[in-house]
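Take a look at the structure set out below.
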Amino acid sequence: MSVTYVSAEDTGMLVLRLPGHLAADSATVERLKDAVRHTAAGFVEAGPDEDPRGGLLPRIRAYIDDNLGDPGLSPESVASAHHISTSYLYKLFARQGVSVARWIRQRRLERCRKDLSDPRLGGRAVGEVGAQWGFADSSYFSRVFRQTYGCSPRAYRHGLKAS
């Protein structure tokens, strides 16, 4: 999916024609027209290498954090939830020096590490901790945890108890 930049005149025409295609009350139509104007204005003013929606990346990161426990959370689902293409999502994250998939995995691992170090959660199985934060496959969770932190989740938990 690619983004097409439109002129202010084309945007204005879209806003004017929109109510004729909707079967909604006038307040709903006005709110929709305002939303279209606001969204389209960003695309008209921004060039192809800019984030036309200024605060989009922070909203995406908040969405990811709020949905880390969903094993279906993926770049595709994040892009879909924000009405952007997956390639545009990757482009936003690339400017930060990390891919969106890596960002999701890092955030999940951080949450798991935090839970594994919480003595109140010591009775929970390591696989349950991983599953709670979206790692559906416990062996994959253990492997990426070890790659990131240098020890298995179980060893990490036990190492904290020993210190």
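Residues are referred to by chain and number: the chain letter is A, B, ... according to the order shown in the structure tokens, the number counts from 1 in that chain, and ligands are numbered separately from 1 in the order shown.
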
Check: Hey, what's within 8 Å of segment 148-158 of chain A if we count only C-alpha atoms and toss same-chain stuff fewer than 3 positions away? As a PyMOL selection string, please?
Finding: chain A and resi 113+116-117+126+142-145+161-162

Check: Which neighbours of His82 of chain A fall inside 10 Å, counting only C-alpha atoms, when residues of the same chain fewer than 5 positions from it are skipped, and could you give them as a VMD selection string?
Finding: chain A and resid 56 59 to 60 63 77 89

Margin query: DSSP on the backbone: which residues in segment 48-107 of chain A end up as alpha helix (DSSP H)? Give the answer as a VMD selection string.
Written below: chain A and resid 56 to 66 75 to 81 86 to 94 100 to 107

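The closest residue to Gln132 of chain A, picked from A:Pro75, A:Gly69, A:Gly159, A:Gly55 and counting only C-alpha atoms, is A:Gly69.
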
Check: In Å to one decimal, how far is atom CA of Pro71 of chain A from atom CA of Ala136 of chain A?
Finding: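 So the answer is 6.1 Å.
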
Next item on the list: Find the spatial neighbours of segment 91-100 of chain A, counting only C-alpha atoms, within a cut-off of 9 Å - ignore same-chain residues fewer than 2 positions away - and output them as a list of chain:residue names.
Entry: A:Asp51, A:Leu56, A:Leu57, A:Ser74, A:Pro75, A:Thr86, A:Ser87, A:Tyr88, A:Leu89, A:Arg102, A:Trp103, A:Ile104, A:Arg105

With N, CA, C and O atoms kept, could you save the residues just selected as an mmCIF file, in the first residue's frame?
```cif
data_model
loop_
_atom_site.group_PDB
_atom_site.id
_atom_site.type_symbol
_atom_site.label_atom_id
_atom_site.label_comp_id
_atom_site.auth_asym_id
_atom_site.auth_seq_id
_atom_site.Cartn_x
_atom_site.Cartn_y
_atom_site.Cartn_z
ATOM 1 N N ASP A 51 6.579 12.362 9.106
ATOM 2 C CA ASP A 51 5.440 11.731 9.765
ATOM 3 C C ASP A 51 4.304 12.738 9.724
ATOM 4 O O ASP A 51 4.286 13.682 10.503
ATOM 5 N N LEU A 56 2.010 10.084 15.898
ATOM 6 C CA LEU A 56 1.622 8.711 15.570
ATOM 7 C C LEU A 56 2.525 7.680 16.240
ATOM 8 O O LEU A 56 2.033 6.712 16.823
ATOM 9 N N LEU A 57 3.813 7.873 16.202
ATOM 10 C CA LEU A 57 4.728 6.880 16.777
ATOM 11 C C LEU A 57 4.505 6.698 18.285
ATOM 12 O O LEU A 57 4.424 5.558 18.750
ATOM 13 N N SER A 74 1.238 -8.116 16.173
ATOM 14 C CA SER A 74 2.262 -8.226 15.130
ATOM 15 C C SER A 74 2.338 -6.897 14.393
ATOM 16 O O SER A 74 1.454 -6.046 14.553
ATOM 17 N N PRO A 75 3.372 -6.705 13.603
ATOM 18 C CA PRO A 75 3.425 -5.472 12.811
ATOM 19 C C PRO A 75 2.161 -5.280 11.961
ATOM 20 O O PRO A 75 1.652 -4.163 11.855
ATOM 21 N N THR A 86 1.830 -1.615 6.555
ATOM 22 C CA THR A 86 2.912 -2.237 7.324
ATOM 23 C C THR A 86 4.252 -1.625 6.939
ATOM 24 O O THR A 86 5.102 -1.391 7.805
ATOM 25 N N SER A 87 4.437 -1.335 5.672
ATOM 26 C CA SER A 87 5.708 -0.740 5.244
ATOM 27 C C SER A 87 5.893 0.651 5.853
ATOM 28 O O SER A 87 7.004 1.020 6.239
ATOM 29 N N TYR A 88 4.827 1.418 5.970
ATOM 30 C CA TYR A 88 4.929 2.738 6.599
ATOM 31 C C TYR A 88 5.249 2.590 8.089
ATOM 32 O O TYR A 88 6.055 3.341 8.637
ATOM 33 N N LEU A 89 4.651 1.595 8.733
ATOM 34 C CA LEU A 89 4.943 1.332 10.142
ATOM 35 C C LEU A 89 6.432 1.016 10.320
ATOM 36 O O LEU A 89 7.088 1.557 11.212
ATOM 37 N N ARG A 102 11.055 -6.113 16.397
ATOM 38 C CA ARG A 102 12.056 -6.146 17.473
ATOM 39 C C ARG A 102 11.566 -5.336 18.676
ATOM 40 O O ARG A 102 11.776 -5.723 19.820
ATOM 41 N N TRP A 103 10.926 -4.203 18.421
ATOM 42 C CA TRP A 103 10.395 -3.373 19.507
ATOM 43 C C TRP A 103 9.370 -4.162 20.327
ATOM 44 O O TRP A 103 9.414 -4.158 21.559
ATOM 45 N N ILE A 104 8.464 -4.853 19.641
ATOM 46 C CA ILE A 104 7.456 -5.662 20.333
ATOM 47 C C ILE A 104 8.141 -6.729 21.186
ATOM 48 O O ILE A 104 7.813 -6.913 22.357
ATOM 49 N N ARG A 105 9.097 -7.428 20.604
ATOM 50 C CA ARG A 105 9.793 -8.482 21.340
ATOM 51 C C ARG A 105 10.548 -7.917 22.545
ATOM 52 O O ARG A 105 10.506 -8.477 23.645
#
```

Next item on the list: Could you check how far atom CA of Gly122 of chain A sits from atom CA of Gly72 of chain A, in Å to one decimal?
Entry: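 Taking atom CA of Gly122 of chain A and atom CA of Gly72 of chain A, their separation equals 26.4 Å.
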
Margin query: Give me, as number ranges by chain, all polymer residues having an atom no more than 8 Å from Ile64 of chain A, counting only C-alpha atoms and skipping those fewer than 2 positions away in the same chain.
Written below: A: 60-62, 66-68, 73, 78, 104

With N, CA and C atoms retained, export the selected residues as a compact mmCIF listing (two decimals), in the first residue's frame.
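In the end it all went to again_0.txt:
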```
# COMPACT_ATOMS: atom_id res chain seq x y z
N ILE A 60 1.42 4.63 18.66
CA ILE A 60 1.67 3.23 18.28
C ILE A 60 2.41 2.52 19.40
N ARG A 61 3.40 3.16 19.98
CA ARG A 61 4.14 2.53 21.09
C ARG A 61 3.23 2.27 22.28
N ALA A 62 2.35 3.21 22.58
CA ALA A 62 1.39 3.01 23.68
C ALA A 62 0.45 1.85 23.37
N ASP A 66 0.03 -1.58 25.50
CA ASP A 66 -1.28 -1.98 26.01
C ASP A 66 -1.71 -3.36 25.52
N ASN A 67 -1.07 -3.87 24.48
CA ASN A 67 -1.49 -5.13 23.88
C ASN A 67 -0.40 -6.20 23.86
N LEU A 68 0.62 -6.04 24.68
CA LEU A 68 1.73 -7.00 24.69
C LEU A 68 1.28 -8.42 25.01
N LEU A 73 -0.42 -9.98 18.49
CA LEU A 73 0.14 -8.66 18.24
C LEU A 73 1.32 -8.81 17.28
N VAL A 78 -0.73 -4.13 14.26
CA VAL A 78 -0.49 -2.76 14.72
C VAL A 78 -0.79 -1.79 13.59
N ILE A 104 8.46 -4.85 19.64
CA ILE A 104 7.46 -5.66 20.33
C ILE A 104 8.14 -6.73 21.19
```

Item checked: Separation of atom CA of Arg120 of chain A from atom CA of Ser139 of chain A in Å ->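 Distance between the two atoms: 23.8 Å.
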